[in-house]
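Colleague: Quick one, protein_9.pdb (PDB, C-alpha atoms, pLDDT in the B column):
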ATOM      1  CA  MET A   1      -5.653   9.336  -9.475  1.00 84.00           C
ATOM      2  CA  THR A   2      -2.364   9.468 -11.311  1.00 97.00           C
ATOM      3  CA  THR A   3       0.898  10.278  -9.572  1.00 97.00           C
ATOM      4  CA  THR A   4       4.415  11.248 -10.599  1.00 98.00           C
ATOM      5  CA  TRP A   5       7.812  10.831  -8.934  1.00 98.00           C
ATOM      6  CA  HIS A   6       9.629  14.154  -8.403  1.00 98.00           C
ATOM      7  CA  ASP A   7      13.351  14.546  -7.867  1.00 98.00           C
ATOM      8  CA  LEU A   8      14.080  16.383  -4.611  1.00 97.00           C
ATOM      9  CA  LEU A   9      17.856  16.448  -4.027  1.00 97.00           C
ATOM     10  CA  PRO A  10      20.872  14.194  -3.519  1.00 98.00           C
ATOM     11  CA  GLU A  11      20.617  12.102  -0.359  1.00 97.00           C
ATOM     12  CA  ALA A  12      24.033  13.425   0.739  1.00 97.00           C
ATOM     13  CA  GLU A  13      22.659  16.993   0.720  1.00 97.00           C
ATOM     14  CA  PHE A  14      19.667  16.298   2.953  1.00 98.00           C
ATOM     15  CA  PRO A  15      19.746  18.809   5.855  1.00 97.00           C
ATOM     16  CA  ALA A  16      21.426  17.612   9.043  1.00 94.00           C
ATOM     17  CA  GLU A  17      18.403  18.778  11.063  1.00 93.00           C
ATOM     18  CA  GLY A  18      16.448  15.935   9.427  1.00 95.00           C
ATOM     19  CA  LYS A  19      13.679  17.820   7.650  1.00 97.00           C
ATOM     20  CA  LEU A  20      13.117  19.653   4.398  1.00 98.00           C
ATOM     21  CA  ALA A  21      10.039  21.507   3.131  1.00 98.00           C
ATOM     22  CA  ALA A  22       9.431  21.459  -0.613  1.00 98.00           C
ATOM     23  CA  ARG A  23       6.718  22.321  -3.078  1.00 97.00           C
ATOM     24  CA  LEU A  24       6.177  19.573  -5.644  1.00 98.00           C
ATOM     25  CA  ALA A  25       3.508  19.905  -8.348  1.00 96.00           C
ATOM     26  CA  GLY A  26       1.631  22.355  -6.127  1.00 96.00           C
ATOM     27  CA  TRP A  27       1.794  20.130  -3.023  1.00 98.00           C
ATOM     28  CA  HIS A  28       3.450  21.382   0.161  1.00 98.00           C
ATOM     29  CA  VAL A  29       5.554  18.409   1.212  1.00 98.00           C
ATOM     30  CA  LEU A  30       7.554  17.912   4.402  1.00 98.00           C
ATOM     31  CA  VAL A  31      10.297  15.307   3.951  1.00 98.00           C
ATOM     32  CA  LEU A  32      11.732  13.899   7.168  1.00 97.00           C
ATOM     33  CA  ARG A  33      14.489  11.484   8.113  1.00 96.00           C
ATOM     34  CA  ALA A  34      12.847   9.056  10.534  1.00 94.00           C
ATOM     35  CA  ASP A  35      14.592   7.623  13.585  1.00 91.00           C
ATOM     36  CA  ASP A  36      15.276   4.420  11.612  1.00 92.00           C
ATOM     37  CA  GLY A  37      17.146   6.437   8.931  1.00 93.00           C
ATOM     38  CA  SER A  38      14.445   6.117   6.286  1.00 96.00           C
ATOM     39  CA  PHE A  39      12.909   9.108   4.543  1.00 98.00           C
ATOM     40  CA  ARG A  40       9.224   9.914   4.948  1.00 98.00           C
ATOM     41  CA  ALA A  41       7.070  12.545   3.271  1.00 98.00           C
ATOM     42  CA  LEU A  42       3.951  14.132   4.712  1.00 98.00           C
ATOM     43  CA  ASN A  43       1.557  16.815   3.548  1.00 98.00           C
ATOM     44  CA  ASP A  44       2.994  19.981   5.128  1.00 98.00           C
ATOM     45  CA  ARG A  45      -0.357  21.019   6.592  1.00 97.00           C
ATOM     46  CA  CYS A  46      -1.665  20.434  10.086  1.00 96.00           C
ATOM     47  CA  THR A  47      -5.119  18.868   9.948  1.00 95.00           C
ATOM     48  CA  HIS A  48      -6.157  20.830  13.039  1.00 91.00           C
ATOM     49  CA  GLN A  49      -5.627  24.476  12.019  1.00 88.00           C
ATOM     50  CA  ALA A  50      -4.157  24.162   8.475  1.00 94.00           C
ATOM     51  CA  ALA A  51      -0.794  25.655   9.517  1.00 94.00           C
ATOM     52  CA  LEU A  52       2.506  24.618   7.975  1.00 96.00           C
ATOM     53  CA  LEU A  53       4.116  21.799   9.969  1.00 97.00           C
ATOM     54  CA  SER A  54       7.634  22.369   8.614  1.00 97.00           C
ATOM     55  CA  PRO A  55       8.528  25.065  11.199  1.00 96.00           C
ATOM     56  CA  GLY A  56       7.594  22.606  13.975  1.00 96.00           C
ATOM     57  CA  ARG A  57       9.898  20.389  16.009  1.00 95.00           C
ATOM     58  CA  VAL A  58      10.568  16.754  15.199  1.00 95.00           C
ATOM     59  CA  ARG A  59      11.175  14.606  18.269  1.00 93.00           C
ATOM     60  CA  ARG A  60      10.689  10.998  19.253  1.00 93.00           C
ATOM     61  CA  GLY A  61       9.310  10.047  15.864  1.00 94.00           C
ATOM     62  CA  ALA A  62       6.709  12.810  15.678  1.00 96.00           C
ATOM     63  CA  VAL A  63       6.390  16.234  14.085  1.00 97.00           C
ATOM     64  CA  MET A  64       4.688  18.885  16.207  1.00 96.00           C
ATOM     65  CA  CYS A  65       2.527  21.662  14.807  1.00 95.00           C
ATOM     66  CA  PRO A  66       4.047  24.992  15.860  1.00 94.00           C
ATOM     67  CA  LEU A  67       0.592  26.577  16.147  1.00 91.00           C
ATOM     68  CA  HIS A  68      -1.157  24.438  18.781  1.00 90.00           C
ATOM     69  CA  GLY A  69       1.128  21.476  19.415  1.00 91.00           C
ATOM     70  CA  ALA A  70      -0.773  18.760  17.531  1.00 94.00           C
ATOM     71  CA  ARG A  71       1.615  15.806  17.014  1.00 96.00           C
ATOM     72  CA  PHE A  72       1.784  13.442  14.046  1.00 97.00           C
ATOM     73  CA  ASP A  73       3.697  10.188  13.657  1.00 97.00           C
ATOM     74  CA  VAL A  74       6.495  10.608  11.098  1.00 96.00           C
ATOM     75  CA  LEU A  75       6.141   7.015   9.828  1.00 96.00           C
ATOM     76  CA  THR A  76       2.363   6.871   9.365  1.00 97.00           C
ATOM     77  CA  GLY A  77       0.999  10.430   9.498  1.00 97.00           C
ATOM     78  CA  LYS A  78      -1.348   9.385  12.315  1.00 97.00           C
ATOM     79  CA  CYS A  79      -2.343  12.057  14.812  1.00 97.00           C
ATOM     80  CA  LEU A  80      -1.020  11.245  18.288  1.00 96.00           C
ATOM     81  CA  GLY A  81      -2.953  12.009  21.449  1.00 88.00           C
ATOM     82  CA  ALA A  82      -5.752  14.000  19.821  1.00 87.00           C
ATOM     83  CA  ALA A  83      -8.762  13.445  17.589  1.00 90.00           C
ATOM     84  CA  TYR A  84      -7.519  15.362  14.536  1.00 94.00           C
ATOM     85  CA  PRO A  85      -7.466  13.669  11.130  1.00 96.00           C
ATOM     86  CA  ASP A  86      -4.266  11.924  10.062  1.00 96.00           C
ATOM     87  CA  LEU A  87      -1.866  13.533   7.588  1.00 97.00           C
ATOM     88  CA  ARG A  88      -1.626  12.480   3.969  1.00 97.00           C
ATOM     89  CA  THR A  89       1.622  10.625   3.360  1.00 98.00           C
ATOM     90  CA  PHE A  90       3.584  10.384   0.120  1.00 98.00           C
ATOM     91  CA  PRO A  91       5.884   7.562  -1.044  1.00 98.00           C
ATOM     92  CA  VAL A  92       9.615   8.307  -0.924  1.00 98.00           C
ATOM     93  CA  ARG A  93      12.478   6.441  -2.559  1.00 98.00           C
ATOM     94  CA  VAL A  94      16.192   6.893  -3.074  1.00 98.00           C
ATOM     95  CA  GLU A  95      17.279   6.190  -6.654  1.00 97.00           C
ATOM     96  CA  ALA A  96      20.923   6.521  -7.722  1.00 97.00           C
ATOM     97  CA  GLY A  97      21.633   8.539  -4.568  1.00 97.00           C
ATOM     98  CA  ARG A  98      18.775  11.014  -5.124  1.00 98.00           C
ATOM     99  CA  ILE A  99      15.658  11.405  -2.988  1.00 98.00           C
ATOM    100  CA  GLU A 100      12.403  11.262  -4.935  1.00 98.00           C
ATOM    101  CA  VAL A 101       8.839  11.856  -3.718  1.00 98.00           C
ATOM    102  CA  GLU A 102       5.658  10.681  -5.425  1.00 98.00           C
ATOM    103  CA  VAL A 103       2.735  13.129  -5.343  1.00 98.00           C
ATOM    104  CA  PRO A 104      -0.622  13.241  -7.130  1.00 98.00           C
ATOM    105  CA  ASP A 105      -0.678  14.933 -10.522  1.00 97.00           C
ATOM    106  CA  ALA A 106      -3.838  16.820  -9.535  1.00 96.00           C
ATOM    107  CA  PRO A 107      -3.134  19.880  -7.393  1.00 94.00           C
ATOM    108  CA  PRO A 108      -4.201  19.829  -3.742  1.00 96.00           C
ATOM    109  CA  GLY A 109      -7.623  21.125  -2.854  1.00 93.00           C
ATOM    110  CA  PRO A 110      -8.328  23.756  -0.215  1.00 91.00           C
ATOM    111  CA  GLY A 111      -8.543  21.063   2.482  1.00 90.00           C
ATOM    112  CA  GLU A 112      -4.932  20.030   1.831  1.00 93.00           C
ATOM    113  CA  THR A 113      -3.309  23.416   1.336  1.00 93.00           C
ATOM    114  CA  PRO A 114      -1.783  25.247   4.314  1.00 94.00           C
ATOM    115  CA  VAL A 115      -3.122  28.674   5.183  1.00 88.00           C
ATOM    116  CA  SER A 116       0.322  30.085   6.130  1.00 60.00           C
ATOM    117  CA  ILE A 117       2.300  29.979   2.944  1.00 50.00           C
TER     118      ILE A 117
END
Now that the file is in, can you turn its structure into structure tokens?
Modeller:
Amino acid sequence: MTTTWHDLLPEAEFPAEGKLAARLAGWHVLVLRADDGSFRALNDRCTHQAALLSPGRVRRGAVMCPLHGARFDVLTGKCLGAAYPDLRTFPVRVEAGRIEVEVPDAPPGPGETPVSI
């Protein structure tokens, strides 16, 4: 599967709250600033009920689904404390002061698209 890097925004403009939802090449992406200061990108879709994760809280290194409280590790996408599938993660880099995210060129399928858009 081929992938492409997409420019998101200048690092200096990243929201102070530490998260930003974006749509890149059809993918719903949640970009987060992790506790260690690095940027991470996750598929913005809970694997439990397919809801958007971006409205959820980010605390102690995890993003919480606002629908039923499923929690996912910001660094790895792994589901914490439940048996739901892990989230897809996307590579992130900062080049010349700009945040870039790499997503597949093929659009997401129904199993990776949130139901609340």
Colleague: Residues picked by the PyMOL selection byres ((chain A and resi 46-51) around 9) here, as JSON, numbers by chain?
Modeller: {"A": [43, 44, 45, 52, 53, 64, 65, 66, 67, 68, 70, 71, 72, 79, 84, 85, 86, 87, 111, 112, 113, 114, 115, 116, 117]}
Colleague: Just the residues within 10 Å of Leu24 in chain A, please, counting only C-alpha atoms, with nothing from its chain fewer than 3 positions along; format it as a list in words.
Modeller: Thr4, Trp5, His6, Asp7, Leu8, Ala21, Trp27, His28, Val29, Val101, Glu102, Val103, Pro104, Asp105 and Pro107 of chain A
Colleague: Between CA of Arg98 in chain A and CA of Phe14 in chain A, what is the spacing in Å?
Modeller: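 For CA of Phe14 in chain A relative to CA of Arg98 in chain A, the distance reads 9.7 Å.
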Colleague: Nearest to Pro108 in chain A among A:Asp36, A:Val74, A:Arg88, A:Gly61, with distances taken over all atoms listed in the file: which residue is it?
Modeller: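 Checking each of A:Asp36, A:Val74, A:Arg88, A:Gly61 against Pro108 in chain A, counting all atoms listed in the file, the winner is A:Arg88.
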Colleague: Can you work out the spacing between CA of Leu75 in chain A and CA of Ala34 in chain A in Å, to one decimal?
Modeller: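 Separation of CA of Leu75 in chain A and CA of Ala34 in chain A: 7.0 Å.
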Colleague: Would you compute the distance between CA of Arg60 in chain A and CA of Asp35 in chain A? Give it in Å to one decimal.
Modeller: 7.7 Å
Colleague: Quick one: of A:Leu20, A:Leu9, A:Ala106, A:Ala25, who's nearest to Arg40 in chain A, counting only C-alpha atoms?
Modeller: A:Leu20
Colleague: Can you turn the PyMOL selection byres ((chain A and resi 10) around 6) into a concrete residue list for this file, as a ChimeraX atom specification?
Modeller: /A:9,11-13,97-99
Colleague: Deliver the residues from the most recent selection as a file, using C-alpha atoms, as a CSV table (one decimal), in the frame of the given file.
Modeller:
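The file below, part.csv, is the result:
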chain,number,residue,atom,x,y,z
A,9,LEU,CA,17.9,16.4,-4.0
A,11,GLU,CA,20.6,12.1,-0.4
A,12,ALA,CA,24.0,13.4,0.7
A,13,GLU,CA,22.7,17.0,0.7
A,97,GLY,CA,21.6,8.5,-4.6
A,98,ARG,CA,18.8,11.0,-5.1
A,99,ILE,CA,15.7,11.4,-3.0
Colleague: Smallest atom-to-atom distance to Arg33 in chain A: which of A:Pro91, A:Gly81, A:Pro15, A:Gly69, using all atoms listed in the file?
Modeller: A:Pro15
Colleague: Using the file's own x, y and z axes, what box holds all listed atoms of range 89-107 of chain A with 4 Å on each side, keeping edges along x, y and z, and what are its centre and edge lengths in Å to one decimal, as lines of an AutoDock Vina configuration file?
Modeller:
center_x = 8.9
center_y = 13.0
center_z = -3.6
size_x = 33.5
size_y = 21.7
size_z = 21.9
Colleague: Would you list the residues near (11.2, 19.2, 10.4) (no more than 7 Å away, in the coordinates of the file, using all atoms listed in the file) as a PyMOL selection string?
Modeller: chain A and resi 18-20+32+54-58+63
Colleague: Find, counting all atoms listed in the file, the residue in A:Thr89, A:Val94, A:Pro110, A:Leu80 that gets nearest to Leu30 in chain A.
Modeller: A:Thr89
Colleague: Select, from A:Phe39, A:Val31, A:Glu17, A:Gly26, the residue with the minimum atom-to-atom distance to Arg93 in chain A, counting only C-alpha atoms.
Modeller: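 Looking at the shortest contact to Arg93 in chain A, the residue is A:Phe39.
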